[in-house]
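A.B. asks: target.txt is reproduced in full below (compact mmCIF, C-alpha atoms).
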```txt
# COMPACT_ATOMS: atom_id res chain seq x y z
CA MET A 1 -5.24 -10.81 -18.26
CA HIS A 2 -4.63 -13.04 -15.22
CA VAL A 3 -4.07 -11.19 -11.93
CA ILE A 4 -2.83 -11.94 -8.44
CA ALA A 5 -4.00 -9.16 -6.14
CA ASP A 6 -4.28 -8.13 -2.53
CA LEU A 7 -7.17 -6.03 -1.28
CA MET A 8 -7.77 -4.24 2.01
CA VAL A 9 -11.00 -2.26 2.35
CA VAL A 10 -11.33 0.32 5.13
CA PRO A 11 -14.75 1.84 5.82
CA LEU A 12 -14.51 5.18 7.64
CA GLY A 13 -17.14 6.79 9.84
CA VAL A 14 -18.54 3.49 11.14
CA GLY A 15 -16.61 2.99 14.37
CA ILE A 16 -13.65 0.71 14.95
CA SER A 17 -15.15 -2.65 14.04
CA VAL A 18 -14.74 -3.05 10.31
CA SER A 19 -15.27 -6.81 10.06
CA PRO A 20 -18.95 -6.75 8.89
CA TYR A 21 -17.88 -4.64 5.90
CA VAL A 22 -14.87 -6.83 5.15
CA ALA A 23 -17.12 -9.92 5.32
CA ALA A 24 -19.60 -8.36 2.86
CA CYS A 25 -16.74 -7.70 0.43
CA GLU A 26 -15.39 -11.25 0.83
CA LYS A 27 -18.81 -12.58 -0.18
CA ILE A 28 -18.83 -10.37 -3.29
CA LEU A 29 -15.38 -11.59 -4.31
CA LYS A 30 -16.34 -15.26 -3.88
CA ASP A 31 -19.68 -14.79 -5.68
CA ALA A 32 -17.71 -13.33 -8.59
CA GLY A 33 -15.88 -16.67 -8.93
CA LEU A 34 -12.56 -15.29 -7.76
CA LYS A 35 -10.18 -17.36 -5.63
CA THR A 36 -9.67 -15.62 -2.29
CA ILE A 37 -7.58 -16.23 0.81
CA LEU A 38 -8.32 -14.02 3.78
CA HIS A 39 -5.33 -12.99 5.90
CA ALA A 40 -4.83 -10.70 8.89
CA TYR A 41 -4.32 -7.53 6.80
CA GLY A 42 -6.43 -8.06 3.69
CA THR A 43 -7.33 -10.71 1.15
CA ASN A 44 -5.30 -12.39 -1.57
CA ILE A 45 -7.29 -12.68 -4.79
CA GLU A 46 -6.63 -14.56 -8.02
CA GLY A 47 -8.60 -14.34 -11.27
CA GLU A 48 -9.23 -12.34 -14.40
CA TRP A 49 -8.59 -8.57 -14.40
CA ASP A 50 -12.13 -7.52 -15.36
CA ASP A 51 -13.81 -9.87 -12.87
CA LEU A 52 -11.57 -8.63 -10.08
CA PHE A 53 -12.12 -4.94 -10.67
CA ALA A 54 -15.88 -5.31 -11.16
CA ALA A 55 -15.97 -7.03 -7.76
CA VAL A 56 -13.86 -4.31 -6.09
CA LYS A 57 -16.27 -1.67 -7.43
CA ARG A 58 -19.19 -3.68 -6.09
CA CYS A 59 -17.45 -3.82 -2.67
CA HIS A 60 -17.30 -0.02 -2.52
CA GLU A 61 -20.96 0.26 -3.57
CA VAL A 62 -22.17 -2.29 -1.04
CA ILE A 63 -20.10 -0.88 1.85
CA HIS A 64 -21.61 2.55 1.13
CA GLU A 65 -25.11 0.96 1.05
CA MET A 66 -24.35 -0.61 4.45
CA GLY A 67 -23.92 2.90 5.83
CA ALA A 68 -20.25 3.81 5.51
CA PRO A 69 -19.96 7.38 4.18
CA ARG A 70 -16.34 6.87 3.19
CA VAL A 71 -14.38 3.86 1.93
CA SER A 72 -10.63 3.74 1.35
CA SER A 73 -9.16 0.64 -0.29
CA SER A 74 -5.58 -0.45 -0.75
CA LEU A 75 -4.98 -2.77 -3.64
CA LYS A 76 -1.87 -4.49 -4.97
CA VAL A 77 -2.15 -5.92 -8.48
CA GLY A 78 0.39 -8.14 -10.20
CA THR A 79 0.45 -9.31 -13.82
CA ARG A 80 3.14 -11.20 -15.70
CA THR A 81 3.64 -12.25 -19.30
CA ASP A 82 6.64 -14.57 -18.95
CA ARG A 83 4.73 -17.45 -17.41
CA MET A 84 1.53 -18.43 -15.63
CA GLN A 85 1.79 -18.19 -11.85
CA THR A 86 -0.75 -18.97 -9.11
CA MET A 87 -0.92 -17.70 -5.52
CA ASP A 88 0.35 -21.11 -4.33
CA ASP A 89 3.31 -20.88 -6.73
CA LYS A 90 4.33 -17.55 -5.21
CA ILE A 91 4.26 -18.91 -1.66
CA HIS A 92 6.07 -22.16 -2.54
CA SER A 93 8.72 -20.24 -4.42
CA VAL A 94 9.66 -18.42 -1.20
CA GLU A 95 9.23 -21.40 1.12
CA GLU A 96 11.57 -23.67 -0.85
CA LYS A 97 14.32 -21.08 -0.41
CA MET A 98 13.96 -20.87 3.36
CA MET B 1 -18.74 7.04 -8.75
CA HIS B 2 -16.13 9.77 -8.17
CA VAL B 3 -12.73 8.54 -7.00
CA ILE B 4 -9.56 9.99 -5.53
CA ALA B 5 -6.78 7.48 -6.00
CA ASP B 6 -3.06 6.98 -5.74
CA LEU B 7 -1.17 4.72 -8.12
CA MET B 8 2.39 3.39 -8.07
CA VAL B 9 3.40 1.07 -10.92
CA VAL B 10 6.53 -1.08 -10.54
CA PRO B 11 7.86 -2.93 -13.60
CA LEU B 12 10.08 -5.89 -12.64
CA GLY B 13 12.79 -7.47 -14.75
CA VAL B 14 13.80 -4.24 -16.51
CA GLY B 15 16.65 -3.00 -14.32
CA ILE B 16 16.52 -0.27 -11.71
CA SER B 17 15.35 2.69 -13.80
CA VAL B 18 11.58 2.54 -13.86
CA SER B 19 10.91 6.13 -15.00
CA PRO B 20 10.23 5.38 -18.72
CA TYR B 21 7.45 2.99 -17.66
CA VAL B 22 6.03 5.43 -15.13
CA ALA B 23 6.06 8.18 -17.79
CA ALA B 24 4.16 5.96 -20.24
CA CYS B 25 1.51 5.30 -17.60
CA GLU B 26 1.23 9.03 -16.78
CA LYS B 27 0.49 9.71 -20.44
CA ILE B 28 -2.25 7.05 -20.46
CA LEU B 29 -3.87 8.57 -17.36
CA LYS B 30 -3.82 12.09 -18.83
CA ASP B 31 -5.10 10.89 -22.22
CA ALA B 32 -8.01 9.29 -20.37
CA GLY B 33 -9.03 12.74 -19.13
CA LEU B 34 -8.11 12.04 -15.52
CA LYS B 35 -6.60 14.73 -13.29
CA THR B 36 -3.15 13.61 -12.17
CA ILE B 37 -0.47 14.97 -9.87
CA LEU B 38 2.87 13.16 -9.95
CA HIS B 39 4.69 12.89 -6.63
CA ALA B 40 7.88 11.19 -5.45
CA TYR B 41 6.20 7.83 -4.68
CA GLY B 42 3.34 7.58 -7.16
CA THR B 43 0.60 9.67 -8.75
CA ASN B 44 -2.57 11.18 -7.29
CA ILE B 45 -5.51 10.67 -9.65
CA GLU B 46 -9.03 12.09 -9.62
CA GLY B 47 -11.93 11.11 -11.87
CA GLU B 48 -14.66 8.58 -12.50
CA TRP B 49 -14.23 4.99 -11.29
CA ASP B 50 -14.56 3.32 -14.70
CA ASP B 51 -12.23 5.76 -16.46
CA LEU B 52 -9.60 5.30 -13.77
CA PHE B 53 -9.61 1.51 -13.80
CA ALA B 54 -9.66 1.28 -17.60
CA ALA B 55 -6.54 3.48 -17.60
CA VAL B 56 -4.81 1.38 -14.93
CA LYS B 57 -5.46 -1.75 -17.01
CA ARG B 58 -4.04 0.03 -20.07
CA CYS B 59 -0.93 0.94 -18.01
CA HIS B 60 -0.28 -2.74 -17.26
CA GLU B 61 -0.81 -3.69 -20.92
CA VAL B 62 1.50 -0.95 -22.25
CA ILE B 63 4.26 -1.60 -19.68
CA HIS B 64 4.21 -5.28 -20.71
CA GLU B 65 4.36 -4.22 -24.40
CA MET B 66 7.41 -2.05 -23.56
CA GLY B 67 9.18 -5.23 -22.43
CA ALA B 68 8.52 -5.65 -18.72
CA PRO B 69 7.67 -9.32 -18.02
CA ARG B 70 6.17 -8.48 -14.67
CA VAL B 71 4.26 -5.47 -13.33
CA SER B 72 3.19 -4.92 -9.71
CA SER B 73 0.98 -1.93 -8.93
CA SER B 74 -0.08 -0.44 -5.62
CA LEU B 75 -3.32 1.47 -5.71
CA LYS B 76 -5.26 3.37 -3.06
CA VAL B 77 -8.85 4.19 -3.93
CA GLY B 78 -11.18 6.45 -1.96
CA THR B 79 -14.90 7.03 -2.47
CA ARG B 80 -17.36 8.95 -0.31
CA THR B 81 -21.10 9.49 -0.38
CA ASP B 82 -21.45 12.23 2.26
CA ARG B 83 -20.09 15.03 0.08
CA MET B 84 -18.06 15.82 -3.01
CA GLN B 85 -14.35 16.22 -2.32
CA THR B 86 -11.44 17.06 -4.64
CA MET B 87 -7.73 16.35 -4.23
CA ASP B 88 -7.20 20.03 -3.38
CA ASP B 89 -9.89 19.84 -0.70
CA LYS B 90 -8.08 16.97 0.98
CA ILE B 91 -4.77 18.83 1.08
CA HIS B 92 -6.31 22.13 2.27
CA SER B 93 -8.24 20.32 4.97
CA VAL B 94 -4.97 19.15 6.52
CA GLU B 95 -3.03 22.39 5.88
CA GLU B 96 -5.57 24.61 7.62
CA LYS B 97 -5.14 22.51 10.78
CA MET B 98 -1.34 22.84 10.88
CA MET C 1 20.60 4.80 5.42
CA HIS C 2 18.87 7.47 3.35
CA VAL C 3 15.17 6.84 2.68
CA ILE C 4 12.43 8.19 0.44
CA ALA C 5 9.09 7.17 1.90
CA ASP C 6 5.37 7.72 1.62
CA LEU C 7 3.11 7.63 4.66
CA MET C 8 -0.67 7.55 5.01
CA VAL C 9 -2.07 7.38 8.55
CA VAL C 10 -5.70 6.35 9.06
CA PRO C 11 -7.26 6.77 12.52
CA LEU C 12 -10.30 4.52 13.02
CA GLY C 13 -13.17 5.08 15.41
CA VAL C 14 -13.07 8.88 15.21
CA GLY C 15 -15.61 9.61 12.47
CA ILE C 16 -14.92 10.45 8.86
CA SER C 17 -12.78 13.58 9.23
CA VAL C 18 -9.21 12.42 9.66
CA SER C 19 -7.45 15.71 8.89
CA PRO C 20 -6.72 16.80 12.51
CA TYR C 21 -4.85 13.53 13.04
CA VAL C 22 -2.98 13.81 9.74
CA ALA C 23 -2.01 17.41 10.64
CA ALA C 24 -0.64 16.29 14.02
CA CYS C 25 1.49 13.67 12.30
CA GLU C 26 2.75 16.20 9.72
CA LYS C 27 3.94 18.39 12.57
CA ILE C 28 5.80 15.46 14.15
CA LEU C 29 7.54 14.65 10.87
CA LYS C 30 8.62 18.27 10.33
CA ASP C 31 9.78 18.66 13.95
CA ALA C 32 11.94 15.58 13.42
CA GLY C 33 13.81 17.47 10.67
CA LEU C 34 12.45 15.34 7.86
CA LYS C 35 11.59 16.82 4.46
CA THR C 36 7.88 16.33 3.80
CA ILE C 37 5.52 17.04 0.92
CA LEU C 38 1.83 16.58 1.64
CA HIS C 39 -0.25 15.18 -1.24
CA ALA C 40 -3.87 14.12 -1.64
CA TYR C 41 -3.29 10.52 -0.46
CA GLY C 42 -0.45 10.75 2.02
CA THR C 43 2.89 12.46 2.55
CA ASN C 44 6.23 12.04 0.80
CA ILE C 45 9.09 11.98 3.31
CA GLU C 46 12.86 12.12 2.85
CA GLY C 47 15.52 11.63 5.50
CA GLU C 48 17.45 9.12 7.55
CA TRP C 49 15.90 5.70 8.30
CA ASP C 50 16.03 5.98 12.11
CA ASP C 51 14.64 9.53 12.18
CA LEU C 52 11.79 8.55 9.89
CA PHE C 53 10.71 5.48 11.84
CA ALA C 54 11.01 7.21 15.23
CA ALA C 55 8.65 9.89 13.85
CA VAL C 56 6.17 7.32 12.50
CA LYS C 57 6.07 5.65 15.92
CA ARG C 58 5.47 9.05 17.53
CA CYS C 59 2.59 9.65 15.05
CA HIS C 60 0.86 6.45 16.22
CA GLU C 61 1.39 7.38 19.88
CA VAL C 62 0.06 10.94 19.45
CA ILE C 63 -2.96 9.91 17.35
CA HIS C 64 -3.88 7.43 20.11
CA GLU C 65 -3.41 10.20 22.73
CA MET C 66 -5.77 12.41 20.64
CA GLY C 67 -8.46 9.76 21.16
CA ALA C 68 -8.25 7.35 18.24
CA PRO C 69 -8.54 3.77 19.59
CA ARG C 70 -7.14 2.32 16.38
CA VAL C 71 -4.57 3.55 13.86
CA SER C 72 -3.67 1.86 10.57
CA SER C 73 -0.77 3.26 8.55
CA SER C 74 0.42 2.48 5.05
CA LEU C 75 4.05 3.14 4.41
CA LYS C 76 6.24 2.78 1.34
CA VAL C 77 9.96 2.85 1.96
CA GLY C 78 12.68 3.03 -0.70
CA THR C 79 16.43 2.69 -0.26
CA ARG C 80 19.16 2.46 -2.89
CA THR C 81 22.88 1.86 -2.81
CA ASP C 82 23.80 2.65 -6.42
CA ARG C 83 23.47 6.42 -6.10
CA MET C 84 22.03 9.22 -4.00
CA GLN C 85 18.54 10.24 -5.09
CA THR C 86 16.20 12.93 -3.75
CA MET C 87 12.40 13.22 -4.04
CA ASP C 88 12.88 15.93 -6.68
CA ASP C 89 15.19 13.64 -8.68
CA LYS C 90 12.49 10.97 -8.80
CA ILE C 91 9.86 13.39 -10.10
CA HIS C 92 12.18 15.03 -12.66
CA SER C 93 13.29 11.63 -13.92
CA VAL C 94 9.70 10.84 -14.91
CA GLU C 95 8.83 14.34 -16.15
CA GLU C 96 11.75 14.54 -18.57
CA LYS C 97 10.47 11.36 -20.26
CA MET C 98 6.94 12.66 -20.80
CA MET D 1 3.36 -1.03 21.56
CA HIS D 2 1.90 -4.20 20.06
CA VAL D 3 1.63 -4.20 16.24
CA ILE D 4 -0.04 -6.23 13.53
CA ALA D 5 1.68 -5.47 10.24
CA ASP D 6 1.96 -6.55 6.65
CA LEU D 7 5.23 -6.31 4.74
CA MET D 8 6.04 -6.69 1.04
CA VAL D 9 9.67 -6.18 0.02
CA VAL D 10 10.50 -5.59 -3.65
CA PRO D 11 14.16 -5.68 -4.74
CA LEU D 12 14.72 -3.81 -8.03
CA GLY D 13 17.52 -4.38 -10.51
CA VAL D 14 17.83 -8.12 -9.84
CA GLY D 15 15.56 -9.62 -12.50
CA ILE D 16 12.03 -10.90 -12.10
CA SER D 17 12.57 -13.60 -9.49
CA VAL D 18 12.37 -11.92 -6.11
CA SER D 19 11.83 -15.02 -3.95
CA PRO D 20 15.44 -15.43 -2.68
CA TYR D 21 15.27 -11.90 -1.28
CA VAL D 22 11.84 -12.42 0.24
CA ALA D 23 13.08 -15.67 1.84
CA ALA D 24 16.08 -13.86 3.37
CA CYS D 25 13.76 -11.27 4.88
CA GLU D 26 11.41 -13.98 6.23
CA LYS D 27 14.37 -15.50 8.03
CA ILE D 28 15.28 -12.15 9.59
CA LEU D 29 11.71 -11.64 10.82
CA LYS D 30 11.55 -15.11 12.38
CA ASP D 31 15.00 -14.78 13.96
CA ALA D 32 13.76 -11.55 15.56
CA GLY D 33 11.12 -13.56 17.40
CA LEU D 34 8.23 -12.08 15.44
CA LYS D 35 5.20 -14.17 14.47
CA THR D 36 4.95 -14.30 10.67
CA ILE D 37 2.53 -15.77 8.16
CA LEU D 38 3.64 -15.70 4.53
CA HIS D 39 0.89 -15.08 1.96
CA ALA D 40 0.84 -14.58 -1.80
CA TYR D 41 1.41 -10.81 -1.67
CA GLY D 42 3.53 -10.27 1.44
CA THR D 43 3.84 -11.39 5.05
CA ASN D 44 1.63 -10.79 8.08
CA ILE D 45 3.72 -9.97 11.14
CA GLU D 46 2.81 -9.66 14.80
CA GLY D 47 5.01 -8.39 17.62
CA GLU D 48 6.43 -5.36 19.36
CA TRP D 49 6.89 -2.11 17.39
CA ASP D 50 10.65 -1.78 17.96
CA ASP D 51 11.40 -5.44 17.17
CA LEU D 52 9.38 -5.21 13.95
CA PHE D 53 11.02 -2.06 12.63
CA ALA D 54 14.53 -3.19 13.55
CA ALA D 55 13.85 -6.35 11.51
CA VAL D 56 12.49 -4.38 8.53
CA LYS D 57 15.64 -2.24 8.53
CA ARG D 58 17.76 -5.40 8.63
CA CYS D 59 15.77 -6.75 5.64
CA HIS D 60 16.70 -3.69 3.57
CA GLU D 61 20.36 -3.97 4.62
CA VAL D 62 20.59 -7.69 3.82
CA ILE D 63 18.78 -7.41 0.48
CA HIS D 64 21.27 -4.70 -0.53
CA GLU D 65 24.16 -6.95 0.64
CA MET D 66 22.73 -9.74 -1.55
CA GLY D 67 23.19 -7.45 -4.55
CA ALA D 68 19.98 -5.50 -5.04
CA PRO D 69 20.84 -1.84 -5.73
CA ARG D 70 17.32 -0.73 -4.92
CA VAL D 71 14.68 -1.96 -2.46
CA SER D 72 11.11 -0.68 -2.20
CA SER D 73 8.95 -1.96 0.66
CA SER D 74 5.25 -1.58 1.31
CA LEU D 75 4.25 -1.83 4.93
CA LYS D 76 0.90 -1.65 6.70
CA VAL D 77 1.04 -1.13 10.44
CA GLY D 78 -1.88 -1.33 12.84
CA THR D 79 -1.98 -0.42 16.53
CA ARG D 80 -4.95 -0.23 18.90
CA THR D 81 -5.44 0.89 22.48
CA ASP D 82 -8.99 -0.33 23.12
CA ARG D 83 -8.09 -3.99 23.41
CA MET D 84 -5.48 -6.62 22.63
CA GLN D 85 -5.97 -8.27 19.25
CA THR D 86 -3.99 -11.01 17.50
CA MET D 87 -3.74 -11.85 13.80
CA ASP D 88 -6.03 -14.86 14.41
CA ASP D 89 -8.60 -12.60 16.10
CA LYS D 90 -8.74 -10.38 13.03
CA ILE D 91 -9.34 -13.31 10.67
CA HIS D 92 -11.93 -14.99 12.94
CA SER D 93 -13.77 -11.70 13.37
CA VAL D 94 -14.40 -11.58 9.60
CA GLU D 95 -15.02 -15.32 9.17
CA GLU D 96 -17.75 -15.49 11.83
CA LYS D 97 -19.68 -12.82 9.89
CA MET D 98 -19.57 -14.67 6.57
```
What would the structure in this file look like if it were written as structure tokens?

C.D. replies:
Amino acid sequence: MHVIADLMVVPLGVGISVSPYVAACEKILKDAGLKTILHAYGTNIEGEWDDLFAAVKRCHEVIHEMGAPRVSSSLKVGTRTDRMQTMDDKIHSVEEKM
Amino acid sequence: MHVIADLMVVPLGVGISVSPYVAACEKILKDAGLKTILHAYGTNIEGEWDDLFAAVKRCHEVIHEMGAPRVSSSLKVGTRTDRMQTMDDKIHSVEEKM
Amino acid sequence: MHVIADLMVVPLGVGISVSPYVAACEKILKDAGLKTILHAYGTNIEGEWDDLFAAVKRCHEVIHEMGAPRVSSSLKVGTRTDRMQTMDDKIHSVEEKM
Amino acid sequence: MHVIADLMVVPLGVGISVSPYVAACEKILKDAGLKTILHAYGTNIEGEWDDLFAAVKRCHEVIHEMGAPRVSSSLKVGTRTDRMQTMDDKIHSVEEKM
């Protein structure tokens, strides 16, 4: 099952700078062969369902290993059966109507 | 890995009444042995990471089988390593401070 | 414009216990005359658009005044023009299909 | 109060193609003088709190006027008092650690 997703990970109990933890998670997502695009409030991800969720689990594990006692993620997950769609398709579909 | 989560599933392309799809997903979560509490904008879920995400995948599959060409889920996922915490603990922790 | 919403506020830079900040925000929402139901991953809120968003702004201001240098909120906001719907209606609509 | 936000609007009851509605909302955000960056699962927005939320309200109103009986938005909103931060700052802060 092909997925377009958006992930924001928030480590708690580590102060206000969360970027080292976000960077560690980005690396995990890329190493898993997923397409990722970092934005100012999370990361767009495209790939197979099982690859994506294995990587998200690994993000939680690694952020805990880095010292964060608490991790709260927000995840949006989209699947469709009518046609194949990429992240670029979604953006172009809006831009051509503007 | 123990998880407290919140799931909202949104089927697209099926009209404005989404409750039959939400009900089908609730059944999947319960059948998976997860603790669930339905609220007005999603469902609180407590259980093991792998059980939870297998059930969420099954929700997408079943909602597609019911006829929805497109499904978009929003998921919040919390893990912590400092101590065990239940959904009730989280609510009581806020209520005792009010 | 009548709204059913869900709000999760996350103060960053204050350690791992966020409940005093969540409790302060709950009080603000109630004092604003909004209907609220606390759950394990946020708060369901029902009321008028302008009242709701004025209260959410006040939550950010007060959590900063309490000492949090950074606040990140997640908010879901639903409006509909076809019929009036309450938070209870949404829950019952799912429960009667289970 | 300066805000970095992320907005996803989902019109329900209008079929599976939501891009015309998303495009209308993008236009409203830009016309309000807010900085926006469209991504595959929403839009990053930067600006003043009141300008942002007035524009989000206008998005709901216009999407209803376009024929959607139901609109559900997901919004993330971040404020900080320790220092000024832009959307670019957030992205660079992660990228320099990768």

A.B. asks: Work out how far apart atom CA of B:Thr43 and atom CA of B:Leu7 are and give it in Å to one decimal.

C.D. replies: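 Atom-to-atom, atom CA of B:Thr43 to atom CA of B:Leu7, that is 5.3 Å.
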
A.B. asks: Using only C-alpha atoms, find which residues of chain A lie within 6 Å of chain C and jot them down as a list in words.

C.D. replies: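 Selected residues: Leu12, Gly13, Gly15 and Ile16 of chain A.
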
A.B. asks: Do you have the atom CA of A:Met1-atom CA of B:Asn44 distance handy?

C.D. replies: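 The value is 24.7 Å.
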
A.B. asks: What gap, in Å, lies between atom CA of A:His64 and atom CA of B:Thr81?

C.D. replies: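 Going from atom CA of A:His64 over to atom CA of B:Thr81 covers 7.1 Å.
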
A.B. asks: Taking 5 positions as the minimum chain separation for residues in the same chain, which residues sit within 12 Å of C:Asp89 when counting only C-alpha atoms? Answer as a list in words.

C.D. replies: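 The filter keeps Ser19, His39, Ala40 and Tyr41 of chain B; Ile4, Glu46, Arg83, Met84, Val94, Glu95 and Glu96 of chain C.
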
A.B. asks: Need to verify the contact set: A:Leu52, 9 Å, all atoms listed in the file, exclusion of same-chain residues closer than 3 positions in sequence. Can you return it as a PyMOL selection string?

C.D. replies: chain A and resi 3+5+29+32+34+45-49+55-57

A.B. asks: Counting all atoms listed in the file, figure out which residue out of A:Met66, A:Met87, A:Cys59, A:Ala24 gets nearest to A:Ile37.

C.D. replies: A:Met87

A.B. asks: Smallest atom-to-atom distance to A:Ile91: which of D:Gly33, D:Gly67, D:Gly42, D:Gly78, using only C-alpha atoms?

C.D. replies: D:Gly42
